[in-house]
$ cat structure-v1.cif   # mmCIF, C-alpha atoms and all ligand atoms
data_model
loop_
_atom_site.label_atom_id
_atom_site.label_comp_id
_atom_site.auth_asym_id
_atom_site.auth_seq_id
_atom_site.Cartn_x
_atom_site.Cartn_y
_atom_site.Cartn_z
CA MET Z 1 26.88 23.68 -12.29
CA THR Z 2 24.31 21.11 -13.38
CA GLU Z 3 22.42 19.11 -10.81
CA GLU Z 4 24.17 16.10 -12.31
CA GLY Z 5 27.42 17.34 -10.86
CA LEU Z 6 25.81 18.17 -7.54
CA VAL Z 7 24.83 14.67 -6.48
CA ASN Z 8 27.59 12.76 -4.73
CA GLU Z 9 26.95 9.18 -5.82
CA LYS Z 10 29.30 7.61 -3.30
CA ARG Z 11 27.80 9.52 -0.38
CA LEU Z 12 24.30 8.64 -1.59
CA LEU Z 13 25.17 4.94 -1.75
CA ASP Z 14 26.90 5.02 1.66
CA THR Z 15 23.86 6.68 3.21
CA PHE Z 16 21.57 4.11 1.64
CA LEU Z 17 23.70 1.18 2.86
CA SER Z 18 23.77 2.61 6.40
CA LEU Z 19 20.01 3.02 6.35
CA VAL Z 20 19.23 -0.51 5.15
CA SER Z 21 21.58 -1.92 7.77
CA ILE Z 22 19.41 -0.45 10.52
CA GLU Z 23 16.54 -2.89 10.99
CA SER Z 24 13.25 -1.01 11.20
CA PRO Z 25 10.21 -3.25 10.81
CA SER Z 26 6.95 -1.39 11.45
CA GLY Z 27 6.65 -0.52 15.13
CA GLN Z 28 10.42 -0.60 15.70
CA GLU Z 29 11.55 2.69 14.19
CA ASP Z 30 13.34 4.21 17.21
CA GLU Z 31 16.87 3.36 16.13
CA ILE Z 32 16.52 4.63 12.59
CA ALA Z 33 14.71 7.73 13.87
CA ARG Z 34 17.65 8.52 16.18
CA TYR Z 35 20.04 8.08 13.27
CA LEU Z 36 17.97 10.41 11.09
CA LEU Z 37 17.63 13.09 13.76
CA ASN Z 38 21.45 13.14 13.95
CA ARG Z 39 21.93 13.19 10.21
CA LEU Z 40 19.46 16.03 9.73
CA GLU Z 41 21.11 18.02 12.49
CA GLU Z 42 24.53 17.55 10.86
CA LEU Z 43 23.01 18.87 7.64
CA GLY Z 44 21.67 21.94 9.40
CA VAL Z 45 18.04 20.84 9.36
CA LYS Z 46 16.18 21.32 12.65
CA ALA Z 47 14.37 18.10 13.39
CA ASN Z 48 12.27 16.47 16.08
CA ARG Z 49 9.88 13.58 16.56
CA ASP Z 50 6.17 14.25 16.79
CA ARG Z 51 3.69 12.46 19.02
CA ALA Z 52 3.17 9.70 16.46
CA GLY Z 53 6.93 9.08 16.29
CA ASN Z 54 7.50 10.65 12.87
CA VAL Z 55 10.75 12.53 12.30
CA ILE Z 56 10.01 16.04 11.06
CA GLY Z 57 12.78 18.26 9.74
CA ARG Z 58 12.33 21.87 8.77
CA TRP Z 59 14.82 23.37 6.35
CA PRO Z 60 14.19 27.07 6.01
CA GLY Z 61 14.49 28.70 2.61
CA LYS Z 62 12.79 31.21 0.36
CA GLY Z 63 9.45 30.72 -1.35
CA ALA Z 64 6.50 28.40 -0.90
CA PRO Z 65 7.28 25.41 1.31
CA VAL Z 66 7.05 21.87 -0.04
CA ALA Z 67 6.78 18.63 1.95
CA LEU Z 68 8.93 15.61 1.11
CA LEU Z 69 7.83 12.34 2.69
CA ALA Z 70 9.34 8.89 3.03
CA HIS Z 71 8.54 6.13 5.50
CA MET Z 72 11.09 4.71 7.94
CA ASP Z 73 9.47 1.32 8.51
CA THR Z 74 9.76 -1.76 6.34
CA VAL Z 75 7.96 -5.06 5.96
CA ARG Z 76 9.65 -8.22 7.23
CA PRO Z 77 11.83 -10.32 7.15
CA VAL Z 78 14.65 -7.96 8.10
CA ARG Z 79 16.76 -9.89 10.58
CA GLY Z 80 20.41 -9.65 9.53
CA ILE Z 81 19.92 -7.64 6.34
CA LYS Z 82 23.17 -7.80 4.36
CA PRO Z 83 23.15 -5.46 1.39
CA VAL Z 84 25.25 -6.61 -1.55
CA VAL Z 85 26.40 -4.17 -4.24
CA GLU Z 86 27.10 -5.73 -7.62
CA ASP Z 87 27.35 -4.04 -11.02
CA GLY Z 88 25.83 -0.88 -9.66
CA VAL Z 89 22.80 -2.67 -8.20
CA VAL Z 90 22.07 -3.12 -4.49
CA ARG Z 91 20.31 -6.29 -3.34
CA SER Z 92 19.85 -8.23 -0.14
CA ASP Z 93 21.62 -11.58 0.21
CA GLY Z 94 18.30 -13.22 -0.68
CA THR Z 95 17.23 -14.18 2.84
CA THR Z 96 15.60 -10.84 3.72
CA ILE Z 97 13.99 -7.90 2.00
CA LEU Z 98 16.37 -5.06 1.14
CA GLY Z 99 14.37 -2.12 2.46
CA ALA Z 100 14.83 0.08 -0.60
CA ASP Z 101 11.13 0.57 0.11
CA ASP Z 102 11.45 3.16 1.45
CA LYS Z 103 15.05 3.82 2.51
CA SER Z 104 16.06 4.70 -1.03
CA ALA Z 105 13.71 7.67 -0.64
CA ILE Z 106 15.27 8.71 2.66
CA ALA Z 107 18.79 8.43 1.21
CA GLU Z 108 17.79 10.52 -1.82
CA ILE Z 109 16.26 13.26 0.32
CA LEU Z 110 19.34 13.38 2.59
CA GLU Z 111 21.69 13.51 -0.40
CA MET Z 112 19.69 16.32 -1.97
CA VAL Z 113 19.94 18.36 1.23
CA ALA Z 114 23.67 17.62 1.53
CA ALA Z 115 24.38 18.49 -2.11
CA VAL Z 116 22.41 21.74 -2.11
CA GLY Z 117 23.49 22.70 1.40
CA GLU Z 118 27.23 22.24 0.97
CA ARG Z 119 27.25 24.65 -1.95
CA GLY Z 120 25.05 27.21 -0.26
CA ILE Z 121 22.60 27.23 -3.20
CA ALA Z 122 19.33 29.10 -2.63
CA HIS Z 123 16.42 26.74 -2.09
CA ILE Z 124 12.77 26.68 -1.06
CA PRO Z 125 11.70 25.83 2.51
CA LEU Z 126 11.28 22.09 2.87
CA GLU Z 127 9.36 20.06 5.40
CA ILE Z 128 11.10 16.70 5.49
CA ILE Z 129 8.88 14.06 7.02
CA PHE Z 130 9.98 10.50 7.75
CA THR Z 131 6.93 8.55 8.90
CA VAL Z 132 6.48 5.45 11.06
CA GLY Z 133 4.06 2.58 10.49
CA GLU Z 134 3.32 3.20 6.82
CA GLU Z 135 3.21 -0.51 6.03
CA THR Z 136 0.71 -1.17 8.80
CA GLY Z 137 -2.04 1.24 7.81
CA LEU Z 138 -0.37 4.65 7.24
CA ARG Z 139 -0.20 5.01 11.02
CA GLY Z 140 2.45 7.73 11.15
CA ALA Z 141 0.92 9.85 8.41
CA ASN Z 142 -2.45 9.62 10.13
CA GLY Z 143 -0.83 10.91 13.30
CA LEU Z 144 0.69 13.98 11.63
CA ASP Z 145 -0.53 17.29 12.98
CA GLY Z 146 -1.77 18.82 9.73
CA GLY Z 147 -2.16 22.21 11.37
CA SER Z 148 1.54 22.49 12.09
CA LEU Z 149 2.58 21.81 8.50
CA ARG Z 150 3.26 24.78 6.25
CA ALA Z 151 3.80 22.93 2.97
CA ARG Z 152 1.78 24.18 0.01
CA TRP Z 153 2.03 20.76 -1.63
CA GLY Z 154 3.95 17.53 -1.21
CA VAL Z 155 5.80 14.65 -2.78
CA VAL Z 156 5.73 11.19 -1.22
CA LEU Z 157 8.70 9.17 -2.46
CA ASP Z 158 7.41 5.63 -2.36
CA ASP Z 159 7.14 3.89 -5.71
CA GLU Z 160 9.30 2.13 -8.27
CA LEU Z 161 10.18 4.07 -11.43
CA GLU Z 162 12.07 7.27 -10.65
CA ASN Z 163 10.29 9.06 -13.51
CA GLN Z 164 6.82 7.94 -12.45
CA ILE Z 165 4.26 10.24 -10.84
CA VAL Z 166 1.32 8.50 -9.22
CA THR Z 167 -1.56 10.91 -9.72
CA SER Z 168 -4.37 8.89 -8.20
CA ALA Z 169 -4.96 6.33 -5.48
CA PRO Z 170 -8.10 4.47 -4.51
CA TYR Z 171 -10.57 4.84 -1.70
CA HIS Z 172 -10.09 1.77 0.45
CA VAL Z 173 -12.33 0.06 2.98
CA LEU Z 174 -11.35 -2.95 5.07
CA MET Z 175 -13.92 -4.84 7.15
CA HIS Z 176 -13.85 -7.51 9.82
CA ALA Z 177 -16.96 -9.60 10.47
CA LYS Z 178 -17.88 -12.38 12.84
CA VAL Z 179 -20.74 -14.73 12.02
CA HIS Z 180 -22.10 -16.25 15.20
CA GLY Z 181 -23.99 -19.50 14.64
CA LYS Z 182 -24.88 -21.99 17.32
CA PRO Z 183 -22.87 -25.05 18.35
CA ALA Z 184 -24.45 -28.50 18.46
CA HIS Z 185 -23.35 -32.11 18.17
CA ALA Z 186 -23.12 -32.81 14.45
CA GLY Z 187 -24.30 -36.40 14.79
CA LEU Z 188 -26.72 -36.33 17.73
CA SER Z 189 -28.56 -33.01 17.30
CA PRO Z 190 -27.50 -31.08 14.21
CA GLU Z 191 -30.96 -29.46 13.98
CA GLU Z 192 -30.20 -27.57 17.20
CA GLY Z 193 -27.16 -25.92 15.69
CA ILE Z 194 -26.58 -23.10 13.21
CA SER Z 195 -23.49 -23.60 11.09
CA ALA Z 196 -21.57 -20.36 10.84
CA ILE Z 197 -19.57 -21.95 8.02
CA GLN Z 198 -22.70 -22.52 5.97
CA VAL Z 199 -24.00 -19.02 6.62
CA ALA Z 200 -20.70 -17.36 5.73
CA ALA Z 201 -20.20 -19.58 2.69
CA GLU Z 202 -23.64 -18.68 1.33
CA ALA Z 203 -22.92 -15.02 1.89
CA VAL Z 204 -19.55 -15.10 0.19
CA SER Z 205 -20.91 -17.03 -2.79
CA ALA Z 206 -23.55 -14.33 -3.22
CA MET Z 207 -20.91 -11.57 -3.29
CA LYS Z 208 -19.52 -10.07 -6.44
CA LEU Z 209 -15.74 -10.26 -6.02
CA GLY Z 210 -12.51 -9.65 -7.89
CA ARG Z 211 -12.49 -6.92 -10.49
CA ILE Z 212 -15.80 -5.13 -10.24
CA ASP Z 213 -15.03 -2.56 -12.94
CA GLU Z 214 -11.99 -0.76 -14.33
CA GLU Z 215 -11.46 1.21 -11.12
CA THR Z 216 -13.01 -1.01 -8.45
CA THR Z 217 -11.92 -4.30 -6.83
CA ALA Z 218 -13.17 -6.46 -3.95
CA ASN Z 219 -11.69 -9.42 -2.11
CA VAL Z 220 -12.57 -11.66 0.83
CA GLY Z 221 -9.08 -12.44 2.08
CA TYR Z 222 -9.74 -14.25 5.33
CA PHE Z 223 -12.33 -16.95 6.09
CA HIS Z 224 -11.62 -18.68 9.35
CA GLY Z 225 -13.66 -21.01 11.53
CA GLY Z 226 -14.35 -24.52 12.71
CA GLU Z 227 -12.50 -26.96 14.93
CA ALA Z 228 -13.91 -30.43 14.50
CA THR Z 229 -16.16 -32.33 12.10
CA ASN Z 230 -18.47 -33.45 14.91
CA VAL Z 231 -19.39 -29.90 15.94
CA VAL Z 232 -21.76 -27.60 14.08
CA THR Z 233 -19.45 -24.57 13.78
CA PRO Z 234 -20.50 -21.67 16.00
CA LEU Z 235 -18.15 -18.99 14.71
CA VAL Z 236 -16.60 -17.84 11.44
CA GLU Z 237 -14.43 -14.78 11.04
CA LEU Z 238 -14.27 -12.95 7.73
CA ARG Z 239 -12.11 -10.10 6.51
CA TRP Z 240 -12.55 -8.31 3.25
CA GLU Z 241 -11.51 -5.20 1.43
CA THR Z 242 -12.76 -3.14 -1.44
CA ARG Z 243 -11.00 -0.37 -3.36
CA SER Z 244 -12.06 2.11 -5.98
CA HIS Z 245 -10.94 5.41 -7.41
CA ASP Z 246 -14.58 6.45 -7.07
CA GLU Z 247 -15.74 7.00 -3.49
CA ALA Z 248 -19.40 6.19 -4.22
CA LYS Z 249 -18.41 2.91 -5.85
CA VAL Z 250 -16.34 1.73 -2.90
CA GLN Z 251 -19.20 2.50 -0.53
CA ALA Z 252 -21.75 0.75 -2.79
CA GLN Z 253 -19.55 -2.34 -3.21
CA ASN Z 254 -18.97 -2.60 0.53
CA ALA Z 255 -22.68 -2.17 1.20
CA ASP Z 256 -23.45 -5.01 -1.26
CA MET Z 257 -21.06 -7.31 0.61
CA VAL Z 258 -22.55 -6.39 3.97
CA ARG Z 259 -26.05 -7.01 2.57
CA ALA Z 260 -25.09 -10.48 1.29
CA LEU Z 261 -23.86 -11.32 4.77
CA GLU Z 262 -26.94 -9.89 6.51
CA GLU Z 263 -29.29 -11.81 4.23
CA ALA Z 264 -27.53 -15.14 4.86
CA VAL Z 265 -27.43 -14.44 8.59
CA ASP Z 266 -31.18 -13.68 8.62
CA ARG Z 267 -32.05 -16.79 6.60
CA HIS Z 268 -30.40 -19.01 9.18
CA GLY Z 269 -31.14 -17.09 12.35
CA ALA Z 270 -27.46 -16.46 13.02
CA GLU Z 271 -25.93 -13.27 14.36
CA LEU Z 272 -23.52 -10.80 12.86
CA GLU Z 273 -20.79 -8.61 14.35
CA LEU Z 274 -19.40 -6.05 11.92
CA ASN Z 275 -16.35 -3.81 12.30
CA LEU Z 276 -14.82 -1.26 10.02
CA ALA Z 277 -11.12 -2.13 10.44
CA TYR Z 278 -9.61 0.52 8.27
CA SER Z 279 -10.49 3.00 5.60
CA HIS Z 280 -8.71 5.71 3.76
CA GLU Z 281 -9.65 8.23 1.17
CA GLY Z 282 -8.33 8.26 -2.35
CA TYR Z 283 -7.36 11.13 -4.58
CA ARG Z 284 -7.12 11.98 -8.23
CA TRP Z 285 -5.01 14.78 -9.74
CA SER Z 286 -4.80 15.84 -13.35
CA ALA Z 287 -1.69 16.92 -15.27
CA ASP Z 288 -2.62 20.57 -14.66
CA ASP Z 289 -2.86 20.30 -10.89
CA LEU Z 290 -0.08 21.87 -8.85
CA PRO Z 291 1.72 18.80 -7.49
CA VAL Z 292 1.69 16.99 -10.84
CA LYS Z 293 2.71 20.06 -12.81
CA ARG Z 294 5.58 21.01 -10.54
CA LEU Z 295 6.98 17.51 -10.11
CA ALA Z 296 6.71 16.76 -13.85
CA SER Z 297 8.55 19.97 -14.71
CA ALA Z 298 11.29 19.15 -12.19
CA MET Z 299 11.67 15.72 -13.78
CA ARG Z 300 11.95 17.21 -17.24
CA ALA Z 301 14.50 19.74 -16.05
CA ALA Z 302 16.49 16.84 -14.57
CA GLY Z 303 16.44 15.10 -17.94
CA LEU Z 304 13.73 12.54 -17.18
CA LYS Z 305 10.54 11.89 -19.11
CA PRO Z 306 7.71 11.84 -16.57
CA ILE Z 307 5.14 9.04 -16.70
CA LEU Z 308 1.77 9.74 -15.07
CA ALA Z 309 0.01 6.68 -13.66
CA GLY Z 310 -2.85 5.66 -11.42
CA SER Z 311 -2.32 3.20 -8.61
CA MET Z 312 -4.52 0.74 -6.71
CA GLY Z 313 -2.32 0.97 -3.61
CA GLY Z 314 -2.41 3.39 -0.69
CA THR Z 315 0.52 5.51 0.52
CA ASP Z 316 1.13 8.40 2.87
CA ALA Z 317 -0.01 10.63 -0.03
CA ASN Z 318 -3.60 9.54 0.61
CA VAL Z 319 -3.38 10.94 4.11
CA LEU Z 320 -1.55 14.10 3.12
CA ASN Z 321 -4.29 14.87 0.60
CA VAL Z 322 -6.95 14.37 3.27
CA LYS Z 323 -5.04 16.75 5.53
CA GLY Z 324 -5.30 19.42 2.85
CA ILE Z 325 -1.80 19.21 1.38
CA PRO Z 326 -2.10 18.24 -2.29
CA ALA Z 327 0.36 15.39 -2.78
CA VAL Z 328 1.47 12.88 -5.37
CA VAL Z 329 3.79 9.87 -5.22
CA MET Z 330 7.11 9.67 -7.02
CA GLY Z 331 9.28 6.61 -7.66
CA THR Z 332 12.74 6.21 -6.11
CA GLY Z 333 14.20 3.60 -8.46
CA MET Z 334 13.32 0.66 -6.16
CA ARG Z 335 12.27 -2.61 -7.80
CA LYS Z 336 10.31 -5.58 -6.39
CA PRO Z 337 9.43 -3.94 -3.05
CA HIS Z 338 8.39 -6.43 -0.32
CA ALA Z 339 10.17 -9.31 -2.11
CA MET Z 340 13.38 -11.16 -1.24
CA ASP Z 341 14.81 -10.10 -4.61
CA GLU Z 342 14.06 -6.43 -3.97
CA HIS Z 343 16.82 -4.31 -5.50
CA ILE Z 344 17.76 -0.85 -6.72
CA ALA Z 345 20.27 0.55 -9.20
CA VAL Z 346 22.52 3.29 -7.85
CA ALA Z 347 22.15 5.20 -11.13
CA ASP Z 348 18.37 5.32 -10.63
CA MET Z 349 18.81 6.70 -7.11
CA VAL Z 350 21.09 9.38 -8.56
CA ARG Z 351 18.41 10.29 -11.12
CA ALA Z 352 15.70 10.56 -8.47
CA THR Z 353 18.00 12.71 -6.32
CA ARG Z 354 18.56 15.06 -9.26
CA VAL Z 355 14.82 15.57 -9.53
CA LEU Z 356 14.75 16.55 -5.85
CA VAL Z 357 17.64 18.96 -6.34
CA VAL Z 358 15.78 20.70 -9.17
CA LEU Z 359 12.58 20.73 -7.16
CA ALA Z 360 14.32 22.38 -4.21
CA THR Z 361 16.31 24.94 -6.17
CA GLU Z 362 14.43 25.89 -9.32
CA GLY Z 363 11.14 27.09 -10.68
CA ASP Z 364 8.53 29.62 -9.64
CA ASN Z 365 9.02 29.15 -5.97
ZN ZN L 401 6.66 1.91 0.73
#
$ encode --input "structure-v1.cif" --output "structure tokens"
Amino acid sequence: MTEEGLVNEKRLLDTFLSLVSIESPSGQEDEIARYLLNRLEELGVKANRDRAGNVIGRWPGKGAPVALLAHMDTVRPVRGIKPVVEDGVVRSDGTTILGADDKSAIAEILEMVAAVGERGIAHIPLEIIFTVGEETGLRGANGLDGGSLRARWGVVLDDELENQIVTSAPYHVLMHAKVHGKPAHAGLSPEEGISAIQVAAEAVSAMKLGRIDEETTANVGYFHGGEATNVVTPLVELRWETRSHDEAKVQAQNADMVRALEEAVDRHGAELELNLAYSHEGYRWSADDLPVKRLASAMRAAGLKPILAGSMGGTDANVLNVKGIPAVVMGTGMRKPHAMDEHIAVADMVRATRVLVVLATEGDN
């Protein structure tokens, strides 16, 4: 039987609709986690939650184990999500996100297990990992105990096109800074004050921002301070990020931004408080590397033409790679993630599920 005949489209859609109906904004994943623990158990997959709150299912099989990841949390707004199915496409009613990011991935993984399992087809061992807090800094993935994972390599299902393989992701640094000036009355004694606004503004205007080169970007996304025109502003808060596929470049760009701030602070006798808020490592795989090769061949066997692409966004794959499990990202068919018009075609979910079926049951495992 072909994998086309294996996938039960109605069951896949029903699973997806049940999943999107369970609200799970980041930090509130308990309900969906309980649902998934039950579903996995029904499918014969032993599952538990780890210390970080991730659901981890182990499906024993023969061959080298592979990890499949999807995240349980979504961005907001989610209150009262009402999925609408029309002409084979699932959308929200327009007042919330849909949550296809990333529940389409979860539904596809569950359908693959159900389809392969009910026919008793031989398959490789799978580590099925549903993470928490992906949207708020890859929190769940960071909390994974890498030492307990057996997977030789992994696929993170968390992108749009079902035939797309994301082979690289950037190094990413996010900084918070506080510029402390000195308050004074703006009319009576301005010379006694140090304007944090002026210091920060000078610093930011000296920074190189936007697209730095073809693989590096930088942005000051938060500039906050001041209360009244008659006070020399004592405090400005800044937040910025920089990303690059090249680790040295992201460090150099961040150092340039810090230097611009330090120089302006020195010029005015202000003070600086700097905090690294977040950073994650990038990765870059070529077409010959294990995860790319194996996923691309599964896609071809499922009748899809794989597209290899780089990304400027971070996913759980960044963390998996750091933990020593070579991983790439695959699309699920979702479109417009994070938007009110987020949607997904059922046929695309079926295609992605077929890829997973091939991955689990074929090849040099
Ligand atoms: Zn996502």
$ closest_residue --input "structure-v1.cif" --among "Z:Lys10, Z:Arg294, Z:Arg284, Z:Lys103" --to "Val155 in chain Z" --atoms "only C-alpha atoms"
Z:Arg294
$ atom_distance --input "structure-v1.cif" --atom1 "CA of Ala122 in chain Z" --atom2 "CA of Gly63 in chain Z"
10.1 Å
$ residues_near_ligand --input "structure-v1.cif" --ligand "ligand ZN 401 (chain L)" --cutoff "9 Å" --atoms "only C-alpha atoms and all ligand atoms" --output "ChimeraX atom specification"
/Z:70-75,99-103,134-135,157-159,315-316,337-338
$ closest_residue --input "structure-v1.cif" --among "Z:Pro183, Z:Pro25, Z:Pro125, Z:Gly303" --to "Arg58 in chain Z" --atoms "only C-alpha atoms"
Z:Pro125
$ closest_residue --input "structure-v1.cif" --among "Z:Ala114, Z:Ile97, Z:Ala277, Z:Val329" --to "Val166 in chain Z" --atoms "all atoms listed in the file"
Z:Val329
$ closest_atom_pairs --input "structure-v1.cif" --of "range 88-192 of chain Z" --to "range 196-212 of chain Z" --cutoff "7 Å" --atoms "all atoms listed in the file" --output "Markdown table"
| residue | atom | partner | partner_atom | distance |
| --- | --- | --- | --- | --- |
| Z:Val179 | CA | Z:Ala196 | CA | 5.8 |
| Z:His180 | CA | Z:Ala196 | CA | 6.0 |
| Z:Gly181 | CA | Z:Ala196 | CA | 4.6 |
$ write_last_selection --input "structure-v1.cif" --atoms "C-alpha atoms" --output "CSV table (one decimal), in the coordinates of the input"
chain,number,residue,atom,x,y,z
Z,179,VAL,CA,-20.7,-14.7,12.0
Z,180,HIS,CA,-22.1,-16.2,15.2
Z,181,GLY,CA,-24.0,-19.5,14.6
$ residues_around --input "structure-v1.cif" --residues "Gly193 in chain Z" --least-positions-apart "2" --cutoff "8 Å" --atoms "all atoms listed in the file" --output "list in words"
Gly181, Lys182, Pro183, Ala184, His185, Ser189, Pro190, Glu191, Ser195, Val232 and Pro234 of chain Z
$ closest_atom_pairs --input "structure-v1.cif" --of "range 304-339 of chain Z" --to "range 141-150 of chain Z" --cutoff "10 Å" --atoms "only C-alpha atoms" --output "CSV"
residue,atom,partner,partner_atom,distance
Z:Thr315,CA,Z:Ala141,CA,9.0
Z:Asp316,CA,Z:Ala141,CA,5.7
Z:Ala317,CA,Z:Ala141,CA,8.5
Z:Asn318,CA,Z:Ala141,CA,9.0
Z:Val319,CA,Z:Ala141,CA,6.2
Z:Leu320,CA,Z:Ala141,CA,7.2
Z:Val322,CA,Z:Gly146,CA,9.4
Z:Lys323,CA,Z:Gly146,CA,5.7
Z:Gly324,CA,Z:Gly146,CA,7.8
Z:Ile325,CA,Z:Gly146,CA,8.4
$ write_last_selection --input "structure-v1.cif" --atoms "C-alpha atoms" --output "short mmCIF file (atom, residue, chain, number, x, y, z; two decimals), keeping the file's coordinate frame"
data_model
loop_
_atom_site.label_atom_id
_atom_site.label_comp_id
_atom_site.auth_asym_id
_atom_site.auth_seq_id
_atom_site.Cartn_x
_atom_site.Cartn_y
_atom_site.Cartn_z
CA THR Z 315 0.52 5.51 0.52
CA ASP Z 316 1.13 8.40 2.87
CA ALA Z 317 -0.01 10.63 -0.03
CA ASN Z 318 -3.60 9.54 0.61
CA VAL Z 319 -3.38 10.94 4.11
CA LEU Z 320 -1.55 14.10 3.12
CA VAL Z 322 -6.95 14.37 3.27
CA LYS Z 323 -5.04 16.75 5.53
CA GLY Z 324 -5.30 19.42 2.85
CA ILE Z 325 -1.80 19.21 1.38
#
$ residues_around --input "structure-v1.cif" --residues "Val7 in chain Z" --least-positions-apart "5" --cutoff "12 Å" --atoms "all atoms listed in the file" --output "count of residues only"
30
$ closest_residue --input "structure-v1.cif" --among "Z:Leu6, Z:Leu43, Z:Met334, Z:Leu36" --to "Ser18 in chain Z" --atoms "all atoms listed in the file"
Z:Leu36
$ atom_distance --input "structure-v1.cif" --atom1 "CA of Glu162 in chain Z" --atom2 "CA of Ala309 in chain Z"
12.4 Å
$ closest_residue --input "structure-v1.cif" --among "Z:Gly5, Z:Gly282, Z:Gly53, Z:Gly331" --to "Pro170 in chain Z" --atoms "all atoms listed in the file"
Z:Gly282
$ residues_around --input "structure-v1.cif" --residues "Glu86 in chain Z" --least-positions-apart "4" --cutoff "12 Å" --atoms "only C-alpha atoms" --output "ChimeraX atom specification"
/Z:90-93,343-346
$ residues_around --input "structure-v1.cif" --residues "Lys46 in chain Z" --least-positions-apart "3" --cutoff "10 Å" --atoms "all atoms listed in the file" --output "PyMOL selection string"
chain Z and resi 37-38+40-43+56-60+128
$ atom_distance --input "structure-v1.cif" --atom1 "CA of Asp14 in chain Z" --atom2 "CA of Thr332 in chain Z"
16.2 Å
$ residues_around --input "structure-v1.cif" --residues "Arg152 in chain Z" --least-positions-apart "2" --cutoff "8 Å" --atoms "all atoms listed in the file" --output "ChimeraX atom specification"
/Z:64-67,150,154,325-326
